[in-house]
$ cat model_34.txt   # compact mmCIF, C-alpha atoms
# COMPACT_ATOMS: atom_id res chain seq x y z
CA MET V 1 84.37 125.07 124.12
CA LYS V 2 87.55 123.66 125.57
CA PRO V 3 89.94 122.82 122.72
CA LEU V 4 90.41 119.12 122.00
CA ARG V 5 94.09 118.27 122.37
CA LEU V 6 96.04 115.99 120.08
CA VAL V 7 99.63 115.18 119.17
CA GLY V 8 100.24 114.91 115.43
CA GLY V 9 102.75 114.90 112.62
CA THR V 10 102.70 117.19 109.61
CA ALA V 11 103.55 114.27 107.28
CA SER V 12 101.04 111.91 108.91
CA PRO V 13 98.04 111.29 106.63
CA TYR V 14 95.89 110.31 109.61
CA THR V 15 96.75 113.55 111.41
CA GLN V 16 95.74 115.53 108.34
CA LYS V 17 92.57 113.45 108.03
CA MET V 18 91.51 114.37 111.54
CA LEU V 19 92.53 118.02 111.39
CA GLY V 20 90.47 118.46 108.23
CA LEU V 21 87.51 116.81 109.94
CA LEU V 22 87.86 118.91 113.10
CA ARG V 23 87.93 122.10 111.05
CA TYR V 24 84.86 121.07 109.05
CA ARG V 25 82.93 120.12 112.18
CA HIS V 26 83.85 123.39 113.94
CA ILE V 27 85.46 121.47 116.82
CA PRO V 28 88.13 123.62 118.49
CA TYR V 29 91.46 121.87 118.81
CA ALA V 30 95.03 122.41 119.97
CA VAL V 31 97.63 120.31 118.16
CA THR V 32 101.14 119.63 119.40
CA TRP V 33 103.55 118.65 116.62
CA GLY V 34 105.97 115.94 117.62
CA ASP V 35 106.39 112.44 118.97
CA PRO V 36 103.24 111.25 120.79
CA ALA V 37 105.14 108.91 123.12
CA GLY V 38 107.61 111.58 124.20
CA THR V 39 104.86 114.17 124.61
CA LEU V 40 102.71 111.91 126.79
CA ASP V 41 105.74 110.91 128.86
CA ALA V 42 106.54 114.58 129.45
CA LEU V 43 102.94 115.19 130.54
CA GLY V 44 102.90 112.14 132.80
CA ILE V 45 100.05 110.55 130.84
CA GLU V 46 99.92 106.80 130.31
CA LYS V 47 100.54 105.88 126.67
CA PRO V 48 98.04 103.83 124.65
CA ARG V 49 99.32 100.62 123.08
CA PRO V 50 100.12 100.92 120.25
CA ILE V 51 100.76 104.64 120.03
CA PHE V 52 100.98 106.56 116.76
CA HIS V 53 99.98 109.79 115.01
CA PRO V 54 97.62 111.32 115.84
CA THR V 55 97.13 110.66 119.55
CA PHE V 56 94.11 112.41 121.06
CA LEU V 57 93.82 113.38 124.70
CA PHE V 58 90.34 112.77 126.06
CA ASP V 59 89.36 113.35 129.68
CA ASN V 60 88.40 110.41 131.87
CA ASP V 61 85.39 110.61 134.17
CA ASP V 62 87.71 112.02 136.83
CA GLY V 63 88.81 114.80 134.48
CA LYS V 64 92.29 113.41 133.88
CA PRO V 65 93.47 113.09 130.26
CA HIS V 66 94.28 109.77 128.61
CA GLY V 67 95.68 109.03 125.17
CA VAL V 68 93.55 107.52 122.42
CA CYS V 69 94.56 106.48 118.89
CA ASP V 70 92.77 105.15 115.78
CA SER V 71 90.96 107.72 113.69
CA THR V 72 87.87 105.68 112.73
CA PRO V 73 86.48 105.06 116.24
CA ILE V 74 87.56 108.58 117.26
CA ILE V 75 85.36 110.02 114.49
CA ARG V 76 82.39 108.10 115.94
CA ARG V 77 83.27 109.27 119.43
CA LEU V 78 83.34 112.89 118.28
CA GLU V 79 79.87 112.45 116.76
CA ALA V 80 78.55 111.70 120.25
CA LEU V 81 80.47 114.52 121.91
CA TYR V 82 79.87 117.31 119.41
CA PRO V 83 76.44 117.69 117.75
CA GLY V 84 75.91 119.08 114.27
CA ARG V 85 77.77 118.97 110.96
CA SER V 86 77.88 115.18 111.04
CA VAL V 87 80.17 113.25 108.70
CA LEU V 88 78.08 110.07 108.99
CA PRO V 89 75.19 109.72 106.53
CA THR V 90 71.79 109.18 108.15
CA ASP V 91 70.78 106.59 105.54
CA PRO V 92 72.18 103.23 106.78
CA ALA V 93 72.86 101.99 103.24
CA LEU V 94 74.78 105.14 102.33
CA ALA V 95 76.58 104.98 105.69
CA PHE V 96 77.82 101.49 104.79
CA ILE V 97 79.31 102.78 101.52
CA ASP V 98 80.96 105.59 103.48
CA ASP V 99 82.46 103.06 105.92
CA LEU V 100 83.80 101.10 102.98
CA ILE V 101 85.43 104.16 101.39
CA GLU V 102 87.01 105.23 104.67
CA ASP V 103 88.36 101.73 105.27
CA PHE V 104 89.82 101.61 101.74
CA ALA V 105 91.47 104.99 102.29
CA ASP V 106 92.96 104.05 105.64
CA GLU V 107 94.14 100.55 104.77
CA TRP V 108 94.85 100.48 101.01
CA CYS V 109 95.50 104.09 99.95
CA THR V 110 98.11 104.20 102.67
CA LYS V 111 99.99 101.60 100.61
CA TYR V 112 100.22 104.17 97.82
CA MET V 113 101.56 106.70 100.30
CA PHE V 114 104.16 104.45 101.94
CA HIS V 115 105.28 102.93 98.64
CA TYR V 116 105.83 106.23 96.85
CA ARG V 117 107.44 107.83 99.90
CA TRP V 118 110.14 105.19 100.28
CA TYR V 119 110.43 103.14 97.07
CA PRO V 120 111.63 105.78 94.53
CA LYS V 121 114.99 107.22 95.59
CA VAL V 122 113.96 110.82 94.90
CA ASP V 123 110.99 110.46 97.22
CA ALA V 124 112.99 108.72 99.96
CA ASP V 125 115.54 111.54 99.83
CA ASN V 126 112.75 114.09 100.06
CA ALA V 127 111.07 112.38 103.00
CA GLY V 128 114.37 111.76 104.77
CA ALA V 129 115.18 115.46 104.51
CA LEU V 130 111.79 116.78 105.65
CA LEU V 131 110.48 114.34 108.24
CA PRO V 132 113.15 115.09 110.88
CA LEU V 133 112.59 118.83 110.45
CA GLY V 134 108.88 118.27 110.95
CA MET V 135 109.77 117.11 114.45
CA ASP V 136 112.17 120.00 115.16
CA VAL V 137 112.86 122.63 112.51
CA SER V 138 115.80 123.95 114.59
CA MET V 139 117.48 120.56 114.94
CA PRO V 140 121.31 120.89 115.11
CA ALA V 141 123.03 119.99 111.84
CA GLU V 142 124.87 116.94 113.17
CA THR V 143 121.75 115.53 114.79
CA TYR V 144 119.78 116.27 111.63
CA ALA V 145 122.21 114.36 109.41
CA GLN V 146 122.12 111.33 111.71
CA PHE V 147 118.36 111.44 112.03
CA LYS V 148 117.89 111.68 108.25
CA ASP V 149 120.07 108.62 107.60
CA TYR V 150 118.30 106.68 110.33
CA VAL V 151 114.81 107.52 109.05
CA VAL V 152 115.56 106.61 105.44
CA GLU V 153 117.31 103.35 106.30
CA ARG V 154 114.57 102.27 108.71
CA GLN V 155 111.61 103.12 106.49
CA VAL V 156 113.06 101.72 103.26
CA SER V 157 113.76 98.48 105.11
CA ARG V 158 110.07 98.34 106.10
CA LEU V 159 108.61 98.53 102.59
CA TYR V 160 107.92 94.80 102.78
CA VAL V 161 105.41 95.45 105.56
CA VAL V 162 102.91 97.01 103.14
CA GLY V 163 103.82 94.63 100.30
CA SER V 164 105.95 97.09 98.31
CA ASN V 165 108.74 95.48 96.29
CA ASP V 166 110.07 95.24 92.75
CA THR V 167 107.26 92.85 91.77
CA THR V 168 104.35 94.79 93.25
CA ALA V 169 105.59 98.28 92.38
CA ALA V 170 103.81 98.16 89.03
CA VAL V 171 100.59 96.92 90.68
CA ILE V 172 100.62 99.77 93.20
CA ASP V 173 101.36 102.33 90.51
CA ALA V 174 98.58 101.05 88.24
CA SER V 175 96.10 101.01 91.13
CA TYR V 176 97.01 104.58 92.10
CA ARG V 177 96.48 105.79 88.54
CA ARG V 178 93.11 104.00 88.26
CA PHE V 179 92.09 105.46 91.62
CA LEU V 180 92.97 108.97 90.41
CA THR V 181 91.09 108.37 87.16
CA ALA V 182 88.04 107.29 89.16
CA MET V 183 88.35 110.37 91.37
CA GLU V 184 88.61 112.62 88.30
CA GLY V 185 85.40 111.20 86.88
CA HIS V 186 83.53 111.25 90.18
CA LEU V 187 84.49 114.81 91.12
CA ALA V 188 83.20 115.93 87.72
CA ASN V 189 79.76 114.79 88.93
CA GLN V 190 79.67 115.91 92.56
CA LYS V 191 81.85 117.76 95.06
CA PHE V 192 82.23 114.94 97.57
CA MET V 193 82.09 111.17 97.44
CA LEU V 194 78.44 110.87 98.48
CA GLY V 195 76.97 114.19 97.46
CA GLY V 196 77.19 117.84 98.39
CA ARG V 197 78.72 117.39 101.85
CA PRO V 198 81.79 115.45 103.03
CA ALA V 199 81.53 112.18 104.89
CA ALA V 200 84.12 110.28 106.94
CA GLY V 201 85.34 108.54 103.78
CA ASP V 202 86.11 111.90 102.17
CA PHE V 203 88.38 112.78 105.06
CA GLY V 204 90.03 109.36 104.91
CA LEU V 205 90.88 109.91 101.24
CA TYR V 206 91.87 113.50 101.91
CA GLY V 207 94.37 112.46 104.60
CA GLN V 208 96.26 110.11 102.30
CA LEU V 209 96.09 112.55 99.38
CA THR V 210 97.60 115.39 101.42
CA GLN V 211 100.80 113.38 101.26
CA LEU V 212 100.45 111.94 97.76
CA VAL V 213 99.62 115.34 96.26
CA GLY V 214 101.37 117.69 98.65
CA PHE V 215 104.47 116.01 100.09
CA ASP V 216 105.94 113.25 97.90
CA PRO V 217 107.29 114.23 94.44
CA THR V 218 106.49 111.16 92.34
CA PRO V 219 102.80 110.71 93.25
CA ARG V 220 102.36 114.49 93.11
CA ASP V 221 103.50 114.55 89.48
CA ILE V 222 101.22 111.62 88.65
CA ALA V 223 98.23 113.30 90.31
CA HIS V 224 98.77 116.53 88.39
CA ALA V 225 98.95 114.58 85.14
CA VAL V 226 96.02 112.22 85.76
CA SER V 227 93.54 114.14 87.92
CA PRO V 228 93.71 117.92 88.30
CA ARG V 229 90.30 117.77 89.97
CA THR V 230 91.78 115.64 92.75
CA VAL V 231 94.65 118.10 93.23
CA ALA V 232 92.18 120.98 93.55
CA TRP V 233 89.88 118.89 95.80
CA VAL V 234 92.68 118.31 98.29
CA ASP V 235 93.17 122.07 98.63
CA LEU V 236 89.42 122.58 99.08
CA MET V 237 89.07 119.76 101.62
CA ARG V 238 91.65 121.30 103.89
CA ASP V 239 89.17 123.88 105.16
CA GLN V 240 85.44 123.37 104.73
CA THR V 241 84.50 125.51 107.73
CA GLY V 242 82.37 127.76 105.51
CA LEU V 243 80.23 124.95 104.07
CA GLU V 244 76.71 124.91 105.51
CA PRO V 245 75.61 121.29 105.04
CA GLN V 246 71.99 120.23 104.66
CA ASP V 247 70.49 116.75 105.01
CA SER V 248 69.42 117.01 101.38
CA ASP V 249 73.09 117.25 100.37
CA TRP V 250 73.44 113.48 100.74
CA VAL V 251 72.66 111.89 97.38
CA ALA V 252 70.49 108.79 97.77
CA ILE V 253 72.28 105.53 97.05
CA GLU V 254 69.91 104.87 94.13
CA GLU V 255 70.77 108.26 92.63
CA GLN V 256 74.56 108.10 92.93
CA PRO V 257 76.34 108.68 89.60
CA GLU V 258 77.92 105.74 87.79
CA SER V 259 81.30 107.28 88.66
CA LEU V 260 80.92 106.09 92.26
CA ARG V 261 80.92 102.53 90.96
CA GLU V 262 84.27 103.20 89.29
CA LEU V 263 85.76 103.97 92.70
CA LEU V 264 84.09 100.91 94.21
CA ALA V 265 85.46 98.80 91.35
CA GLU V 266 89.01 99.69 92.37
CA ILE V 267 88.21 98.67 95.93
CA GLY V 268 86.92 95.35 94.67
CA ARG V 269 89.85 94.84 92.30
CA VAL V 270 92.73 95.25 94.75
CA TYR V 271 91.56 95.80 98.32
CA ALA V 272 89.01 92.99 98.51
CA PRO V 273 91.45 90.16 97.62
CA ALA V 274 94.08 91.62 99.95
CA GLN V 275 91.62 91.71 102.84
CA LEU V 276 90.42 88.17 102.24
CA ALA V 277 93.96 86.76 101.98
CA ASN V 278 95.09 88.64 105.09
CA ALA V 279 92.11 87.47 107.14
CA LYS V 280 92.72 83.87 106.09
CA ALA V 281 96.37 84.11 107.16
CA VAL V 282 95.46 85.68 110.49
CA ARG V 283 92.94 82.91 111.22
CA ALA V 284 95.63 80.34 110.43
CA GLY V 285 98.19 82.08 112.62
CA GLU V 286 100.47 82.77 109.66
CA LYS V 287 102.80 85.77 109.90
CA THR V 288 102.71 86.50 106.15
CA TRP V 289 100.25 85.98 103.31
CA GLN V 290 100.58 85.56 99.57
CA ASP V 291 97.98 85.93 96.85
CA GLN V 292 97.45 87.08 93.28
CA ILE V 293 96.43 90.74 93.11
CA ASP V 294 95.85 92.32 89.74
CA GLY V 295 97.89 89.64 88.02
CA ALA V 296 100.96 89.74 90.27
CA VAL V 297 102.11 87.70 93.25
CA TRP V 298 101.65 89.81 96.36
CA THR V 299 103.39 88.87 99.60
CA GLN V 300 103.32 90.87 102.81
CA GLN V 301 103.09 90.73 106.58
CA SER V 302 99.75 89.66 108.06
CA PHE V 303 97.91 92.26 110.14
CA PRO V 304 95.31 91.30 112.77
CA TYR V 305 93.99 94.88 112.68
CA GLN V 306 93.12 94.61 108.98
CA ALA V 307 91.38 91.32 109.69
CA LYS V 308 89.31 93.23 112.24
CA CYS V 309 88.53 95.82 109.58
CA LEU V 310 87.11 93.08 107.35
CA ARG V 311 85.04 91.80 110.26
CA TRP V 312 83.74 95.31 110.95
CA THR V 313 82.81 95.72 107.28
CA ASN V 314 80.81 92.52 107.47
CA ASP V 315 79.24 93.43 110.81
CA CYS V 316 78.04 96.73 109.33
CA TYR V 317 76.67 94.99 106.25
CA HIS V 318 74.82 92.28 108.15
CA ALA V 319 73.41 94.83 110.60
CA LEU V 320 71.50 96.42 107.72
CA THR V 321 67.87 95.54 107.19
CA ALA V 322 67.11 93.23 104.27
CA HIS V 323 65.80 96.25 102.35
CA ASP V 324 68.98 98.28 102.91
CA ARG V 325 71.22 95.32 102.08
CA ALA V 326 69.39 95.00 98.78
CA ARG V 327 70.02 98.69 98.08
CA VAL V 328 73.74 98.24 98.81
CA ASP V 329 73.85 95.08 96.70
CA ALA V 330 72.38 96.92 93.72
CA LEU V 331 75.16 99.52 93.87
CA ILE V 332 78.11 97.17 94.37
CA ALA V 333 77.00 94.40 92.01
CA GLY V 334 79.83 93.54 89.65
CA THR V 335 82.43 95.76 91.37
CA GLY V 336 84.15 92.93 93.25
CA VAL V 337 83.28 94.50 96.59
CA GLU V 338 80.65 91.80 97.07
CA SER V 339 83.45 89.23 97.52
CA MET V 340 84.35 90.91 100.83
CA LEU V 341 80.86 90.33 102.24
CA LEU V 342 80.98 86.92 103.84
CA GLN V 343 78.06 84.78 104.90
CA ASP V 344 76.66 85.87 108.26
$ encode --input "model_34.txt" --output "structure tokens"
Amino acid sequence: MKPLRLVGGTASPYTQKMLGLLRYRHIPYAVTWGDPAGTLDALGIEKPRPIFHPTFLFDNDDGKPHGVCDSTPIIRRLEALYPGRSVLPTDPALAFIDDLIEDFADEWCTKYMFHYRWYPKVDADNAGALLPLGMDVSMPAETYAQFKDYVVERQVSRLYVVGSNDTTAAVIDASYRRFLTAMEGHLANQKFMLGGRPAAGDFGLYGQLTQLVGFDPTPRDIAHAVSPRTVAWVDLMRDQTGLEPQDSDWVAIEEQPESLRELLAEIGRVYAPAQLANAKAVRAGEKTWQDQIDGAVWTQQSFPYQAKCLRWTNDCYHALTAHDRARVDALIAGTGVESMLLQD
């Protein structure tokens, strides 16, 4: 098969998410490391808006490549293009839980990643030193020094975007530790989030954890202390090409271990109120939102995309049959996730 082309970044959790998925699904790929905008400009390919890591190059009907971003719809597109080794459960109720886990990984776990990368000084120094070299390992010394200072200053100044500040730092840290504790318990029961084969949500979590466990010093130390199973799982998730998945590897939603509810409880505790407050602000046309999350005042920029994510979650839920909704409801009851599911 012709390799699927993409432009990625070594320190991009979404790039690592997709590379892990491509390897697992046996989809051949060719990755270019660097700036997607500059790469597409050099190739004479129109840039998507917005453009970020990773940017995939898919062929139009006329055979000409065009850039596509956003990992979640790309995963669904790849399911249609490449048969076999699916990462989407066939059971609609289980597929909804997978969607929820992937969304949590992409939109909340990335707060862990961005906070730890730029809030503690030791981590900001580490990221400032390594990120420029990830673009060009042979960068001249003078350029490197300037680029490092620019990256650190710019990213630290953007911590407010994800809600990271002196007030919320303790909330983010506590959530990360609870998440790792839930992962430790769940991985003691089964190899992947929904059974004996990885789903899209596994790769969403894996992408963020490649950075939290493998790149940034502070969250790496916490992970080693709280959840050695998660640390080992990240290494294993990198390459699952040798796994031969069977349909029976999905564990039925009624048979999922109690440990899955511990993960869902963290989603309900922190992600659900953030999503609801953000969506309310977006509907009102407000540029920022403020709410109580885990006992602290949380203020951050409003994001229309995350409001869309909440709408998609609800669309998926309400598209279920009454029987499958009841199966989902039985699993999530009391976790707080149910607060995200609005009236149809």
$ residues_around --input "model_34.txt" --residues "region 56-62 of chain V" --least-positions-apart "2" --cutoff "8 Å" --atoms "only C-alpha atoms" --output "list in words"
Leu4, Arg5, Leu6, Val7, Pro54, Lys64, Pro65, His66, Gly67, Val68 and Cys69 of chain V
$ atom_distance --input "model_34.txt" --atom1 "CA of Ala326 (chain V)" --atom2 "CA of Trp250 (chain V)"
19.0 Å
$ closest_residue --input "model_34.txt" --among "V:Pro140, V:Pro83, V:Gly44, V:Gly196" --to "Leu243 (chain V)" --atoms "only C-alpha atoms"
V:Gly196
$ residues_around --input "model_34.txt" --residues "Tyr271 (chain V)" --least-positions-apart "4" --cutoff "12 Å" --atoms "all atoms listed in the file" --output "ChimeraX atom specification"
/V:100-101,103-111,171-172,175,179,263-267,275-278,291-294,298,306,309-310,335-340
$ write_last_selection --input "model_34.txt" --atoms "C-alpha atoms" --output "PDB file, in the coordinates of the input"
ATOM      1  CA  LEU V 100      83.800 101.100 102.980  1.00  0.00           C
ATOM      2  CA  ILE V 101      85.430 104.160 101.390  1.00  0.00           C
ATOM      3  CA  ASP V 103      88.360 101.730 105.270  1.00  0.00           C
ATOM      4  CA  PHE V 104      89.820 101.610 101.740  1.00  0.00           C
ATOM      5  CA  ALA V 105      91.470 104.990 102.290  1.00  0.00           C
ATOM      6  CA  ASP V 106      92.960 104.050 105.640  1.00  0.00           C
ATOM      7  CA  GLU V 107      94.140 100.550 104.770  1.00  0.00           C
ATOM      8  CA  TRP V 108      94.850 100.480 101.010  1.00  0.00           C
ATOM      9  CA  CYS V 109      95.500 104.090  99.950  1.00  0.00           C
ATOM     10  CA  THR V 110      98.110 104.200 102.670  1.00  0.00           C
ATOM     11  CA  LYS V 111      99.990 101.600 100.610  1.00  0.00           C
ATOM     12  CA  VAL V 171     100.590  96.920  90.680  1.00  0.00           C
ATOM     13  CA  ILE V 172     100.620  99.770  93.200  1.00  0.00           C
ATOM     14  CA  SER V 175      96.100 101.010  91.130  1.00  0.00           C
ATOM     15  CA  PHE V 179      92.090 105.460  91.620  1.00  0.00           C
ATOM     16  CA  LEU V 263      85.760 103.970  92.700  1.00  0.00           C
ATOM     17  CA  LEU V 264      84.090 100.910  94.210  1.00  0.00           C
ATOM     18  CA  ALA V 265      85.460  98.800  91.350  1.00  0.00           C
ATOM     19  CA  GLU V 266      89.010  99.690  92.370  1.00  0.00           C
ATOM     20  CA  ILE V 267      88.210  98.670  95.930  1.00  0.00           C
ATOM     21  CA  GLN V 275      91.620  91.710 102.840  1.00  0.00           C
ATOM     22  CA  LEU V 276      90.420  88.170 102.240  1.00  0.00           C
ATOM     23  CA  ALA V 277      93.960  86.760 101.980  1.00  0.00           C
ATOM     24  CA  ASN V 278      95.090  88.640 105.090  1.00  0.00           C
ATOM     25  CA  ASP V 291      97.980  85.930  96.850  1.00  0.00           C
ATOM     26  CA  GLN V 292      97.450  87.080  93.280  1.00  0.00           C
ATOM     27  CA  ILE V 293      96.430  90.740  93.110  1.00  0.00           C
ATOM     28  CA  ASP V 294      95.850  92.320  89.740  1.00  0.00           C
ATOM     29  CA  TRP V 298     101.650  89.810  96.360  1.00  0.00           C
ATOM     30  CA  GLN V 306      93.120  94.610 108.980  1.00  0.00           C
ATOM     31  CA  CYS V 309      88.530  95.820 109.580  1.00  0.00           C
ATOM     32  CA  LEU V 310      87.110  93.080 107.350  1.00  0.00           C
ATOM     33  CA  THR V 335      82.430  95.760  91.370  1.00  0.00           C
ATOM     34  CA  GLY V 336      84.150  92.930  93.250  1.00  0.00           C
ATOM     35  CA  VAL V 337      83.280  94.500  96.590  1.00  0.00           C
ATOM     36  CA  GLU V 338      80.650  91.800  97.070  1.00  0.00           C
ATOM     37  CA  SER V 339      83.450  89.230  97.520  1.00  0.00           C
ATOM     38  CA  MET V 340      84.350  90.910 100.830  1.00  0.00           C
TER      39      MET V 340
END
$ atom_distance --input "model_34.txt" --atom1 "CA of Tyr112 (chain V)" --atom2 "CA of Gln240 (chain V)"
25.2 Å
$ atom_distance --input "model_34.txt" --atom1 "CA of Trp289 (chain V)" --atom2 "CA of Ala307 (chain V)"
12.2 Å
$ closest_residue --input "model_34.txt" --among "V:Pro48, V:Pro28, V:Pro198, V:Pro217" --to "Met237 (chain V)" --atoms "all atoms listed in the file"
V:Pro198
$ residues_around --input "model_34.txt" --residues "Leu21 (chain V)" --least-positions-apart "3" --cutoff "9 Å" --atoms "only C-alpha atoms" --output "list in words"
Gln16, Lys17, Met18, Tyr24, Arg25, His26, Ile27, Ile75, Val87, Ala200, Phe203, Met237, Arg238, Asp239 and Gln240 of chain V
$ closest_residue --input "model_34.txt" --among "V:Arg158, V:Met113, V:Ala272, V:Ala330" --to "Gly207 (chain V)" --atoms "only C-alpha atoms"
V:Met113
$ residues_near_point --input "model_34.txt" --point "(97.2, 118.4, 100.1)" --cutoff "9 Å" --atoms "only C-alpha atoms" --output "list in words"
Gln16, Tyr206, Gly207, Gln208, Leu209, Thr210, Gln211, Leu212, Val213, Gly214, Phe215, Val231, Ala232, Trp233, Val234, Asp235, Leu236, Met237 and Arg238 of chain V
$ residues_around --input "model_34.txt" --residues "Ala37 (chain V)" --least-positions-apart "2" --cutoff "7 Å" --atoms "all atoms listed in the file" --output "PyMOL selection string"
chain V and resi 35+39-41+47+51
$ closest_residue --input "model_34.txt" --among "V:Phe114, V:Asn165, V:Ala174, V:Ala124" --to "Val152 (chain V)" --atoms "all atoms listed in the file"
V:Ala124
$ closest_residue --input "model_34.txt" --among "V:Gln300, V:Tyr305, V:Thr313, V:Gly134" --to "Pro50 (chain V)" --atoms "all atoms listed in the file"
V:Tyr305
$ closest_residue --input "model_34.txt" --among "V:Leu320, V:Met139, V:Val297, V:Met1" --to "Gly163 (chain V)" --atoms "only C-alpha atoms"
V:Val297
